[in-house]
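Asker: Sending over run.tsv (TSV, C-alpha atoms).
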chain	number	residue	atom	x	y	z
A	260	MET	CA	74.66	-21.50	327.41
A	261	ASN	CA	76.96	-22.57	330.24
A	262	ALA	CA	78.80	-19.78	332.02
A	263	SER	CA	82.17	-21.31	331.03
A	264	ASP	CA	81.37	-21.39	327.29
A	265	PRO	CA	82.59	-17.84	326.56
A	266	GLN	CA	85.93	-18.69	328.19
A	267	ILE	CA	86.20	-21.88	326.14
A	268	GLU	CA	85.44	-19.89	322.99
A	269	ARG	CA	88.21	-17.43	323.84
A	270	ARG	CA	90.68	-20.27	324.42
A	271	LEU	CA	89.79	-21.88	321.10
A	272	GLU	CA	90.13	-18.53	319.36
A	273	GLN	CA	93.58	-18.04	320.86
A	274	LEU	CA	94.57	-21.58	319.83
A	275	HIS	CA	93.55	-21.01	316.20
A	276	VAL	CA	95.32	-17.64	316.05
A	277	TRP	CA	98.57	-18.42	317.83
A	278	GLY	CA	98.76	-22.21	317.41
A	279	PRO	CA	100.37	-22.10	313.92
A	280	TYR	CA	103.04	-19.66	315.15
A	281	ALA	CA	103.79	-21.89	318.13
A	282	LEU	CA	103.99	-25.11	316.10
A	283	LEU	CA	106.18	-23.43	313.48
A	284	GLY	CA	108.52	-22.24	316.21
A	285	ILE	CA	108.62	-25.64	317.93
A	286	SER	CA	109.25	-27.39	314.62
A	287	SER	CA	112.11	-25.02	313.81
A	288	LEU	CA	113.76	-25.43	317.22
A	289	VAL	CA	113.46	-29.23	317.21
A	290	ALA	CA	114.74	-29.42	313.64
A	291	VAL	CA	117.79	-27.29	314.47
A	292	ALA	CA	118.39	-29.31	317.62
A	293	SER	CA	118.21	-32.56	315.64
A	294	VAL	CA	120.88	-31.26	313.28
A	295	LEU	CA	123.15	-30.17	316.10
A	296	ILE	CA	122.70	-33.36	318.12
A	297	ALA	CA	122.73	-35.85	315.21
A	298	ASP	CA	125.29	-34.34	312.86
A	299	GLY	CA	124.65	-35.07	309.22
A	300	VAL	CA	120.84	-35.33	309.19
A	301	THR	CA	120.34	-32.18	307.10
A	302	ALA	CA	123.82	-30.72	306.96
A	303	ASP	CA	123.60	-29.53	303.35
A	304	PRO	CA	123.79	-25.69	303.35
A	305	ALA	CA	121.21	-25.62	300.56
A	306	ASP	CA	118.76	-27.31	302.91
A	307	TRP	CA	119.51	-24.67	305.54
A	308	TYR	CA	118.79	-21.87	303.12
A	309	SER	CA	115.71	-23.61	301.79
A	310	ALA	CA	114.39	-24.25	305.28
A	311	GLY	CA	115.08	-20.65	306.29
A	312	GLY	CA	113.26	-19.33	303.23
A	313	LEU	CA	110.31	-21.62	303.79
A	314	ILE	CA	110.11	-20.65	307.47
A	315	ALA	CA	110.11	-16.98	306.47
A	316	ALA	CA	107.42	-17.67	303.85
A	317	ALA	CA	105.33	-19.54	306.45
A	318	THR	CA	105.67	-16.61	308.85
A	319	VAL	CA	104.64	-14.08	306.20
A	320	LEU	CA	101.71	-16.30	305.17
A	321	GLN	CA	100.62	-16.61	308.78
A	322	LEU	CA	100.84	-12.84	309.36
A	323	TRP	CA	98.81	-12.22	306.21
A	324	TRP	CA	96.11	-14.65	307.25
A	325	HIS	CA	96.12	-13.30	310.79
A	326	GLY	CA	95.44	-9.81	309.47
A	327	THR	CA	92.85	-11.05	306.98
A	328	ARG	CA	91.10	-13.01	309.71
A	329	TYR	CA	90.50	-9.91	311.82
A	330	ARG	CA	89.39	-7.83	308.87
A	331	ARG	CA	86.70	-10.36	308.02
A	332	ALA	CA	83.34	-9.97	309.76
A	333	ASP	CA	83.32	-13.61	310.90
A	334	ARG	CA	87.05	-13.53	311.86
A	335	GLY	CA	87.77	-16.40	309.50
A	336	ARG	CA	85.57	-18.87	311.35
A	337	SER	CA	83.55	-19.79	308.24
A	338	PRO	CA	84.93	-21.76	305.27
A	339	SER	CA	85.77	-19.61	302.24
A	340	ARG	CA	87.87	-19.60	299.08
A	341	ALA	CA	90.50	-17.46	300.81
A	342	GLY	CA	90.64	-19.93	303.69
A	343	THR	CA	90.99	-22.88	301.32
A	344	ALA	CA	93.80	-21.13	299.42
A	345	TYR	CA	95.58	-20.35	302.68
A	346	TYR	CA	95.25	-23.98	303.76
A	347	VAL	CA	96.67	-25.28	300.45
A	348	VAL	CA	99.65	-22.90	300.43
A	349	ARG	CA	100.44	-23.66	304.08
A	350	TRP	CA	100.25	-27.38	303.34
A	351	GLY	CA	102.73	-26.95	300.48
A	352	ILE	CA	105.17	-25.10	302.74
A	353	ALA	CA	104.76	-27.69	305.51
A	354	PHE	CA	105.31	-30.54	303.01
A	355	SER	CA	108.49	-28.95	301.70
A	356	LEU	CA	109.80	-28.34	305.22
A	357	THR	CA	109.03	-31.91	306.24
A	358	VAL	CA	110.98	-33.22	303.23
A	359	ILE	CA	113.96	-31.23	304.52
A	360	ASN	CA	113.49	-32.33	308.14
A	361	PRO	CA	110.76	-34.71	309.48
A	362	PHE	CA	110.37	-32.69	312.66
A	363	PHE	CA	108.57	-29.97	310.68
A	364	ALA	CA	105.59	-32.34	310.76
A	365	PHE	CA	104.68	-30.55	314.00
A	366	TYR	CA	103.92	-27.49	311.88
A	367	ALA	CA	102.07	-29.62	309.34
A	368	ALA	CA	99.77	-30.87	312.15
A	369	THR	CA	98.26	-27.37	312.17
A	370	GLY	CA	96.06	-28.66	309.36
A	371	TYR	CA	94.24	-30.89	311.87
A	372	MET	CA	93.20	-27.88	313.95
A	373	ASP	CA	91.45	-25.65	311.46
A	374	ALA	CA	90.39	-27.76	308.45
A	375	ASP	CA	86.76	-27.47	309.56
A	376	GLU	CA	87.01	-23.66	309.61
A	377	LEU	CA	88.93	-23.19	306.36
A	378	ILE	CA	87.69	-25.86	303.92
A	379	PRO	CA	84.00	-26.19	302.98
A	380	GLY	CA	81.92	-29.38	302.91
A	381	MET	CA	83.44	-32.74	302.17
A	382	TRP	CA	86.60	-31.12	300.81
A	383	ARG	CA	87.85	-30.84	304.38
A	384	ARG	CA	88.29	-34.63	304.39
A	385	LEU	CA	90.74	-34.21	301.54
A	386	GLY	CA	92.56	-31.57	303.58
A	387	LEU	CA	92.79	-33.94	306.55
A	388	LEU	CA	94.09	-36.70	304.25
A	389	ALA	CA	96.74	-34.38	302.82
A	390	THR	CA	97.88	-33.41	306.33
A	391	SER	CA	97.93	-37.08	307.36
A	392	VAL	CA	100.27	-37.80	304.41
A	393	ILE	CA	102.85	-35.39	305.84
A	394	VAL	CA	102.47	-36.64	309.41
A	395	ALA	CA	102.61	-40.33	308.42
A	396	GLY	CA	105.67	-39.67	306.23
A	397	ALA	CA	107.45	-38.02	309.16
A	398	GLN	CA	106.51	-40.91	311.46
A	399	VAL	CA	108.20	-43.47	309.21
A	400	GLY	CA	111.42	-41.44	309.11
A	401	GLY	CA	110.81	-38.67	306.60
A	402	LEU	CA	109.73	-37.92	303.07
A	403	PRO	CA	110.12	-39.22	300.45
A	404	VAL	CA	109.44	-42.79	301.58
A	405	GLY	CA	112.11	-45.24	300.48
A	406	SER	CA	111.96	-48.98	301.17
A	407	THR	CA	109.00	-51.35	300.92
A	408	ALA	CA	108.87	-51.67	304.71
A	409	GLU	CA	108.70	-47.92	305.02
A	410	TRP	CA	105.90	-47.83	302.44
A	411	LEU	CA	103.94	-50.43	304.37
A	412	GLY	CA	104.45	-48.47	307.58
A	413	PHE	CA	103.53	-45.27	305.80
A	414	VAL	CA	100.25	-46.72	304.48
A	415	GLY	CA	99.36	-48.13	307.90
A	416	LEU	CA	100.12	-44.88	309.71
A	417	LEU	CA	98.30	-42.88	307.06
A	418	PHE	CA	95.22	-45.05	307.57
A	419	VAL	CA	95.41	-44.65	311.37
A	420	ASN	CA	96.05	-40.89	311.29
A	421	PHE	CA	93.38	-40.14	308.73
A	422	GLY	CA	90.88	-42.53	310.33
A	423	LEU	CA	91.26	-40.87	313.73
A	424	GLN	CA	90.97	-37.34	312.32
A	425	ALA	CA	88.02	-38.27	310.10
A	426	PHE	CA	86.25	-39.81	313.11
A	427	VAL	CA	86.86	-36.71	315.23
A	428	ALA	CA	85.67	-34.49	312.36
A	429	HIS	CA	82.52	-36.58	311.99
A	430	ILE	CA	81.74	-36.33	315.71
A	431	THR	CA	82.38	-32.58	315.63
A	432	GLU	CA	80.09	-32.08	312.65
A	433	GLN	CA	77.35	-34.13	314.29
A	434	GLU	CA	77.60	-32.03	317.44
A	435	GLU	CA	77.53	-28.81	315.44
A	436	ARG	CA	74.46	-30.05	313.57
A	437	ARG	CA	72.71	-30.94	316.82
A	438	SER	CA	73.61	-27.56	318.30
A	439	LYS	CA	72.21	-25.80	315.25
A	440	GLU	CA	69.02	-27.86	315.42
A	441	ARG	CA	68.67	-27.09	319.13
A	442	ALA	CA	69.14	-23.39	318.44
A	443	GLU	CA	66.53	-23.50	315.67
A	444	THR	CA	64.13	-25.39	317.93
A	445	ILE	CA	64.60	-22.88	320.75
A	446	GLU	CA	64.07	-20.01	318.32
A	447	ALA	CA	60.90	-21.64	316.98
A	448	LEU	CA	59.62	-22.26	320.52
A	449	GLN	CA	60.34	-18.66	321.49
A	450	GLN	CA	58.50	-17.45	318.41
A	451	ALA	CA	55.56	-19.69	319.28
A	452	LEU	CA	55.56	-18.39	322.86
A	453	ASP	CA	55.58	-14.80	321.60
A	454	GLU	CA	52.70	-15.55	319.24
A	455	ASN	CA	50.77	-17.27	322.03
A	456	ALA	CA	51.36	-14.31	324.35
A	457	ALA	CA	50.11	-11.91	321.70
A	458	LEU	CA	47.08	-14.13	321.06
A	459	HIS	CA	46.41	-14.38	324.79
A	460	ALA	CA	46.56	-10.60	325.14
A	461	GLN	CA	44.21	-10.22	322.18
A	462	LEU	CA	41.76	-12.71	323.68
A	463	LEU	CA	41.85	-10.86	326.99
A	464	VAL	CA	41.08	-7.60	325.23
A	465	GLN	CA	38.24	-9.20	323.30
A	466	ALA	CA	36.86	-10.82	326.46
A	467	ARG	CA	37.02	-7.50	328.29
A	468	GLU	CA	35.31	-5.71	325.41
A	469	ALA	CA	32.65	-8.41	325.28
A	470	GLY	CA	32.12	-8.12	329.03
A	471	VAL	CA	31.83	-4.35	328.81
A	472	ALA	CA	29.35	-4.67	325.94
A	473	ASP	CA	27.26	-7.20	327.88
A	474	GLU	CA	27.28	-5.00	330.97
A	475	ARG	CA	26.22	-1.98	328.92
A	476	ARG	CA	23.34	-3.94	327.39
A	477	ARG	CA	22.28	-5.14	330.84
A	478	LEU	CA	22.38	-1.63	332.29
A	479	ALA	CA	20.52	-0.22	329.29
A	480	ALA	CA	17.79	-2.81	329.65
A	481	GLU	CA	17.54	-2.27	333.40
A	482	ILE	CA	17.39	1.52	333.08
A	483	HIS	CA	14.76	1.19	330.37
A	484	ASP	CA	12.65	-1.27	332.35
A	485	THR	CA	12.83	0.59	335.69
A	486	LEU	CA	14.11	4.15	335.82
A	487	ALA	CA	13.04	5.27	332.34
A	488	GLN	CA	9.57	3.83	332.71
A	489	GLY	CA	9.19	5.32	336.19
A	490	LEU	CA	10.30	8.77	335.05
A	491	THR	CA	7.94	8.53	332.07
A	492	GLY	CA	5.10	7.75	334.44
A	493	ILE	CA	6.00	10.71	336.68
A	494	ILE	CA	6.01	13.05	333.71
A	495	ALA	CA	2.65	11.74	332.57
A	496	GLN	CA	1.15	12.22	336.02
A	497	LEU	CA	2.53	15.76	336.29
A	498	GLN	CA	1.08	16.60	332.87
A	499	VAL	CA	-2.32	15.45	334.09
A	500	VAL	CA	-1.89	17.61	337.19
A	501	ALA	CA	-1.11	20.59	335.01
A	502	ASN	CA	-4.35	20.13	333.11
A	503	ALA	CA	-6.53	18.90	336.01
A	504	PRO	CA	-9.89	20.74	336.32
A	505	ASP	CA	-10.03	20.54	340.13
A	506	LEU	CA	-7.73	20.00	343.14
A	507	ASP	CA	-8.97	16.50	344.00
A	508	ILE	CA	-7.90	15.10	340.63
A	509	ALA	CA	-4.59	16.97	340.86
A	510	HIS	CA	-3.99	15.64	344.37
A	511	THR	CA	-4.65	12.08	343.21
A	512	HIS	CA	-2.18	12.32	340.36
A	513	LEU	CA	0.42	14.01	342.56
A	514	GLU	CA	0.22	11.04	344.95
A	515	ARG	CA	0.69	8.69	342.02
A	516	ALA	CA	3.69	10.74	340.84
A	517	SER	CA	5.15	10.62	344.35
A	518	ASP	CA	4.73	6.85	344.54
A	519	LEU	CA	6.40	6.45	341.16
A	520	ALA	CA	9.27	8.68	342.28
A	521	ARG	CA	9.82	6.66	345.46
A	522	HIS	CA	9.66	3.43	343.49
A	523	SER	CA	12.16	4.77	340.90
A	524	LEU	CA	14.47	5.91	343.68
A	525	GLY	CA	14.38	2.43	345.16
A	526	GLU	CA	15.17	0.91	341.78
A	527	ALA	CA	18.05	3.37	341.34
A	528	ARG	CA	19.49	2.44	344.73
A	529	ARG	CA	19.14	-1.25	343.87
A	530	SER	CA	21.02	-0.70	340.59
A	531	VAL	CA	23.77	1.21	342.38
A	532	HIS	CA	24.02	-1.55	344.96
A	533	ASN	CA	24.38	-4.16	342.21
A	534	LEU	CA	27.22	-2.12	340.70
A	535	ALA	CA	29.12	-1.78	343.98
A	536	PRO	CA	32.59	-3.40	344.03
A	537	VAL	CA	32.66	-7.05	345.05
A	538	ALA	CA	35.37	-6.26	347.60
A	539	LEU	CA	32.86	-4.20	349.61
A	540	GLU	CA	30.22	-6.91	349.85
A	541	ASP	CA	31.63	-8.44	353.05
A	542	ASP	CA	34.15	-5.83	354.24
A	543	GLY	CA	34.23	-2.13	355.00
A	544	LEU	CA	36.43	0.24	353.02
A	545	PRO	CA	39.57	-0.12	355.25
A	546	GLU	CA	39.52	-3.93	355.02
A	547	ALA	CA	38.81	-3.85	351.28
A	548	LEU	CA	41.68	-1.39	350.67
A	549	LYS	CA	44.05	-3.44	352.84
A	550	LYS	CA	43.33	-6.59	350.83
A	551	THR	CA	43.53	-4.71	347.53
A	552	VAL	CA	46.94	-3.18	348.38
A	553	ALA	CA	48.31	-6.52	349.65
A	554	GLU	CA	47.16	-8.39	346.54
A	555	TRP	CA	48.62	-5.67	344.31
A	556	GLY	CA	51.97	-5.85	346.10
A	557	GLU	CA	52.12	-9.63	345.74
A	558	ARG	CA	51.18	-9.43	342.06
A	559	THR	CA	53.70	-6.70	341.14
A	560	GLY	CA	56.52	-7.49	343.56
A	561	VAL	CA	56.52	-3.89	344.82
A	562	ARG	CA	56.71	-3.22	348.56
A	563	ALA	CA	53.22	-1.87	349.32
A	564	GLU	CA	51.93	-0.62	352.70
A	565	PHE	CA	48.44	0.39	353.84
A	566	THR	CA	47.71	2.63	356.83
A	567	VAL	CA	44.50	3.89	358.46
A	568	THR	CA	44.49	7.07	360.56
A	569	GLY	CA	41.66	8.46	362.67
A	570	THR	CA	38.59	6.59	363.81
A	571	ALA	CA	37.31	4.35	361.05
A	572	GLN	CA	33.67	4.90	360.08
A	573	LEU	CA	31.28	2.72	358.11
A	574	LEU	CA	30.84	4.86	355.01
A	575	HIS	CA	27.94	5.21	352.66
A	576	GLU	CA	28.25	2.54	349.99
A	577	GLU	CA	28.64	5.07	347.15
A	578	VAL	CA	31.43	6.91	348.98
A	579	ALA	CA	33.23	3.66	349.79
A	580	ALA	CA	32.83	2.40	346.23
A	581	THR	CA	34.18	5.67	344.81
A	582	LEU	CA	37.30	5.66	346.99
A	583	LEU	CA	37.96	1.98	346.28
A	584	ARG	CA	37.62	2.55	342.53
A	585	ILE	CA	40.02	5.50	342.73
A	586	ALA	CA	42.55	3.38	344.65
A	587	GLN	CA	42.25	0.51	342.16
A	588	GLU	CA	42.77	2.86	339.20
A	589	ALA	CA	45.76	4.51	340.90
A	590	LEU	CA	47.36	1.13	341.64
A	591	SER	CA	46.77	0.03	338.07
A	592	ASN	CA	48.48	3.18	336.80
A	593	ALA	CA	51.41	2.66	339.18
A	594	ALA	CA	51.88	-0.90	337.95
A	595	ARG	CA	51.87	0.20	334.30
A	596	HIS	CA	53.84	3.44	334.46
A	597	ALA	CA	55.58	4.16	337.80
A	598	ARG	CA	58.31	1.46	337.94
A	599	ALA	CA	58.31	2.05	341.70
A	600	SER	CA	60.06	0.05	344.43
A	601	ARG	CA	57.77	1.24	347.25
A	602	LEU	CA	54.16	2.39	347.43
A	603	GLY	CA	52.05	3.58	350.34
A	604	VAL	CA	48.28	3.98	350.70
A	605	THR	CA	46.78	5.92	353.62
A	606	LEU	CA	43.09	6.25	354.46
A	607	SER	CA	42.43	9.11	356.87
A	608	PHE	CA	39.12	9.66	358.68
A	609	LEU	CA	38.62	13.28	359.74
A	610	VAL	CA	35.62	14.94	361.34
A	611	ASP	CA	33.72	15.64	358.13
A	612	GLU	CA	35.78	14.20	355.30
A	613	VAL	CA	37.77	11.15	354.23
A	614	ILE	CA	41.19	11.44	352.56
A	615	LEU	CA	42.78	8.73	350.41
A	616	ASP	CA	46.53	9.28	349.81
A	617	ILE	CA	48.58	7.14	347.44
A	618	ARG	CA	52.35	7.72	347.14
A	619	ASP	CA	55.10	5.94	345.19
A	620	ASP	CA	58.82	6.44	344.59
A	621	GLY	CA	58.61	5.73	340.86
A	622	VAL	CA	59.75	7.64	337.81
A	623	GLY	CA	57.09	10.33	338.15
A	624	PHE	CA	55.79	12.52	335.35
A	625	ASP	CA	54.87	16.08	334.45
A	626	PRO	CA	51.14	16.54	335.23
A	627	LEU	CA	50.99	19.50	332.85
A	628	ALA	CA	52.35	17.45	329.96
A	629	LEU	CA	49.91	14.55	330.18
A	630	PRO	CA	48.23	13.51	326.92
A	631	ALA	CA	44.52	13.97	326.63
A	632	ARG	CA	42.41	11.13	328.03
A	633	THR	CA	41.32	8.76	325.27
A	634	ARG	CA	38.97	5.84	325.14
A	635	THR	CA	41.89	3.46	324.57
A	636	GLY	CA	43.83	4.22	327.73
A	637	GLY	CA	45.97	6.91	329.36
A	638	PHE	CA	46.80	7.76	332.95
A	639	GLY	CA	43.13	7.71	334.00
A	640	LEU	CA	43.48	10.87	336.15
A	641	ASP	CA	40.45	12.44	334.50
A	642	GLY	CA	38.36	9.40	335.37
A	643	MET	CA	39.51	9.43	339.01
A	644	ARG	CA	38.92	13.17	339.26
A	645	ALA	CA	35.41	12.75	337.81
A	646	ARG	CA	34.63	10.03	340.37
A	647	ALA	CA	35.68	12.25	343.26
A	648	GLU	CA	33.78	15.27	341.95
A	649	ARG	CA	30.66	13.18	341.47
A	650	ILE	CA	30.32	12.88	345.27
A	651	ALA	CA	31.37	16.51	345.98
A	652	GLY	CA	35.06	15.67	346.46
A	653	HIS	CA	38.21	16.58	344.59
A	654	LEU	CA	41.46	14.97	343.49
A	655	THR	CA	44.97	16.46	343.56
A	656	VAL	CA	48.12	15.07	341.96
A	657	GLU	CA	51.72	16.03	342.74
A	658	SER	CA	54.52	14.59	340.64
A	659	GLU	CA	57.66	15.42	338.72
A	660	PRO	CA	59.97	13.30	336.60
A	661	GLY	CA	62.30	11.20	338.73
A	662	HIS	CA	60.69	12.06	342.07
A	663	GLY	CA	57.65	9.78	342.32
A	664	THR	CA	53.96	10.61	342.47
A	665	ALA	CA	51.54	11.60	345.26
A	666	LEU	CA	47.78	11.41	344.69
A	667	SER	CA	45.15	12.61	347.19
A	668	ALA	CA	41.38	12.21	346.99
A	669	ARG	CA	39.29	14.19	349.53
A	670	VAL	CA	35.56	13.41	349.76
A	671	PRO	CA	32.85	14.22	352.33
A	672	LEU	CA	32.45	11.73	355.17
A	673	VAL	CA	28.95	10.35	354.64
A	674	ARG	CA	28.04	7.47	356.94
A	675	HIS	CA	26.11	4.44	355.79
A	676	ASP	CA	22.99	5.44	357.73
A	677	GLN	CA	22.73	8.88	356.14
Written as C-alpha cells, that's how I'd like the structure from this file.

Answerer:
Amino acid sequence: MNASDPQIERRLEQLHVWGPYALLGISSLVAVASVLIADGVTADPADWYSAGGLIAAATVLQLWWHGTRYRRADRGRSPSRAGTAYYVVRWGIAFSLTVINPFFAFYAATGYMDADELIPGMWRRLGLLATSVIVAGAQVGGLPVGSTAEWLGFVGLLFVNFGLQAFVAHITEQEERRSKERAETIEALQQALDENAALHAQLLVQAREAGVADERRRLAAEIHDTLAQGLTGIIAQLQVVANAPDLDIAHTHLERASDLARHSLGEARRSVHNLAPVALEDDGLPEALKKTVAEWGERTGVRAEFTVTGTAQLLHEEVAATLLRIAQEALSNAARHARASRLGVTLSFLVDEVILDIRDDGVGFDPLALPARTRTGGFGLDGMRARAERIAGHLTVESEPGHGTALSARVPLVRHDQ
C-alpha cells in the first residue's frame, strides 16, 4: 500500500463523519440568506417552524448515527439494515426541507457520498436515484415541479444526475472488486510461498538425513572391510601365539600381528584423512578459519572479524580439523541463537598449545540452565566439548543473558610432522 493511503483513508473518514453536518449547516445558511435577500421566497412562519424542526431532527439523527457508527466494530463502513434505515429517514428529512427551500438540496447531496457504505447491493442505485430526484427538483426551481417545461427540465436533469452518479458508483465498485481480487491473489501467493518454504525446509532435512545415512553406511562398510578385519586378524594371530608350542612359531605369528597392526593403522589414518574438512585440503587452519568467518559474516550480515596471534604453525590434521569443526559449530549456534551485531574469532599459537576464542555481543544465555543435548538439536556445546577432549583439550564457555557469549577451546599444539 502507498504511504499516502492511510492519510487518504483518514480524510475520507472525516468527510463521511463531518460532511453531513457541514452540508446541513451550509444549506441552512444559504436558505436563510435567500429569504433575507429575496423577500417572499419562504416567508410563511409555518415554513420557518417546519424548517427549524426538520433541521433539529436532522441534527439529532446525525448525532445518533455518529454515535452508532463509532460503537459498531466496522465504524459503519459496511452496508446494514441500520444504515439503510438511516439513509431513508435522512432522505425524507432532506426532501421535506427541499420542498420548503430548494437550497436544502445541498444537504440532500449527502446521499451521493455514502450510499455505497449504507445501502447493500443494487439497492444503492435506488438510493442514488432518490437523491437525484431531490437535486434535480431543486435545480429546476424547487419541489413540487409545476409547469410542463419544468417537468421536462426535471426529467432531463434527473437523467443527467443519476447517470453521472451511477457511472461513478459503477467505476468505484469495479475498483473495489479489483482491489479485493488483488488482495486475495496476494494472500494466495503468500500462502503458496509459505508452503513452498516449508516444503523446501522439509526437503533439506530429508536430504541431510539421507546424506548422513549414506555416510554412516559408507563408514560402516569401510570399517568392516579394513579396520575390523585387520583387528580380527591381529586377535587371531595373538591367540596362535598364546598357544604356540615353541618360540619360532610364536615369533612368526607376532610378526604377522605387527604387520596387520601397521596396515590397520594406515587404513585408520586414510579414513581419518578422508573425513577431514574440505576447507583444510588446500589451506592451513588460519586460512580456513579466515575464509569460514568471512563467508559466515557475508551470509548472516553480522560484522565478523578473524585474528591470528603468535607464530602460526602447520598443525596435525586431526588437531586442525577439530578446531575448525568447533569454530563451525560455534558460528552455526551464533547464527541461530545469538542475534549478535558483532562477532570475533581469534586463533592463538602458544608454545605448546593452540587456543581458539569466539566472542559475540548477542543475547547470551545461562550456561547452567541449558537443556540437555538431544539428537534433534540444541546448543551443541556438549559436542564441541567432546571434540576438544578427544584430542586432550578442553572447552570453556562464559555467558549470561544480555551480555553476549565467549567460548574458548584449548588444545595441545601438535605439528603436522609429529

Asker: I need the residue nearest Ala599 of chain A from this list: A:Leu583, A:Ile614, A:Phe363, A:Asp620. Use all atoms listed in the file for the distance.

Answerer: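 Under the stated criterion, the closest residue is A:Asp620.
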
Asker: Place a sphere of radius 9 Å on (102.4, -24.7, 306.1) in the file coordinates and name every protein, DNA or RNA residue with an atom inside or on its surface, counting only C-alpha atoms; give the answer as a PyMOL selection string.

Answerer: chain A and resi 279+283+313-314+316-317+320-321+345-356+366-367+369-370

Asker: Please measure the separation of atom CA of Thr568 of chain A and atom CA of Thr605 of chain A, giving the value in Å to one decimal.

Answerer: 7.4 Å

Asker: Distance atom CA of Leu606 of chain A-atom CA of Gly560 of chain A, one decimal place?

Answerer: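 Distance between the two atoms: 22.1 Å.
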
Asker: Using only C-alpha atoms, which protein or nucleic acid residues come within 9 Å of Tyr371 of chain A? Drop anything in the same chain fewer than 5 positions from it, and give the result as a tab-separated table (two decimals) with C-alpha atoms, in the coordinates of the input.

Answerer:
chain	number	residue	atom	x	y	z
A	386	GLY	CA	92.56	-31.57	303.58
A	387	LEU	CA	92.79	-33.94	306.55
A	390	THR	CA	97.88	-33.41	306.33
A	391	SER	CA	97.93	-37.08	307.36
A	424	GLN	CA	90.97	-37.34	312.32

Asker: Measuring between all atoms listed in the file, which one of A:Ala647, A:Val673, A:Thr655, A:Gly623 shows the shortest distance to Glu576 of chain A?

Answerer: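 With all atoms listed in the file as the atom set, the closest residue is A:Val673.
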
Asker: Can you work out which one of A:Ala315, A:Met372, A:Ala364, A:Ala344 has the shortest atom-to-atom distance to Gly278 of chain A, counting all atoms listed in the file?

Answerer: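 Checking each of A:Ala315, A:Met372, A:Ala364, A:Ala344 against Gly278 of chain A, counting all atoms listed in the file, the winner is A:Met372.
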
Asker: Write out as a PyMOL selection string the residues lying within 8 Å of segment 392-398 of chain A, counting all atoms listed in the file and excluding same-chain residues fewer than 5 positions away.

Answerer: chain A and resi 353-354+357+361-362+364-365+367-368+403-404+413-414+416-417+420

Asker: Measuring between all atoms listed in the file, which one of A:Thr511, A:Leu539, A:Gly603, A:Met381 shows the shortest distance to Ala553 of chain A?

Answerer: A:Gly603

Asker: To one decimal place, how far is atom CA of Pro545 of chain A from atom CA of Pro626 of chain A in Å?

Answerer: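 Interatomic distance here is 28.5 Å.
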
Asker: Save segment 351-362 of chain A from what I just supplied, as a CSV table (one decimal), in the first residue's frame, atoms limited to N, CA, C and O atoms.

Answerer:
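Listed below is the output, decode_15.csv:
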chain,number,residue,atom,x,y,z
A,351,GLY,N,-35.9,11.5,3.7
A,351,GLY,CA,-37.2,12.1,3.9
A,351,GLY,C,-37.1,13.5,4.5
A,351,GLY,O,-37.8,14.4,4.1
A,352,ILE,N,-36.1,13.6,5.4
A,352,ILE,CA,-35.9,15.0,6.0
A,352,ILE,C,-35.4,15.9,4.9
A,352,ILE,O,-35.9,17.1,4.8
A,353,ALA,N,-34.4,15.5,4.1
A,353,ALA,CA,-33.9,16.3,3.1
A,353,ALA,C,-34.9,16.7,2.1
A,353,ALA,O,-35.0,17.9,1.6
A,354,PHE,N,-35.8,15.7,1.7
A,354,PHE,CA,-36.9,16.0,0.7
A,354,PHE,C,-37.8,17.1,1.3
A,354,PHE,O,-38.2,18.0,0.6
A,355,SER,N,-38.2,16.9,2.5
A,355,SER,CA,-39.1,17.9,3.1
A,355,SER,C,-38.5,19.3,3.2
A,355,SER,O,-39.2,20.3,2.9
A,356,LEU,N,-37.2,19.4,3.6
A,356,LEU,CA,-36.5,20.7,3.6
A,356,LEU,C,-36.4,21.3,2.3
A,356,LEU,O,-36.6,22.5,2.1
A,357,THR,N,-36.2,20.5,1.2
A,357,THR,CA,-36.0,21.0,-0.1
A,357,THR,C,-37.4,21.5,-0.7
A,357,THR,O,-37.4,22.5,-1.5
A,358,VAL,N,-38.5,20.9,-0.2
A,358,VAL,CA,-39.8,21.4,-0.6
A,358,VAL,C,-40.0,22.8,0.0
A,358,VAL,O,-40.5,23.7,-0.7
A,359,ILE,N,-39.5,23.0,1.2
A,359,ILE,CA,-39.6,24.3,1.8
A,359,ILE,C,-38.7,25.3,1.2
A,359,ILE,O,-39.1,26.5,0.9
A,360,ASN,N,-37.4,24.9,0.9
A,360,ASN,CA,-36.5,25.8,0.3
A,360,ASN,C,-35.5,25.0,-0.6
A,360,ASN,O,-34.9,24.0,-0.1
A,361,PRO,N,-35.4,25.3,-1.9
A,361,PRO,CA,-34.6,24.5,-2.8
A,361,PRO,C,-33.1,24.4,-2.4
A,361,PRO,O,-32.4,23.4,-2.8
A,362,PHE,N,-32.6,25.4,-1.6
A,362,PHE,CA,-31.2,25.4,-1.3
A,362,PHE,C,-30.9,24.2,-0.3
A,362,PHE,O,-29.7,24.0,-0.1
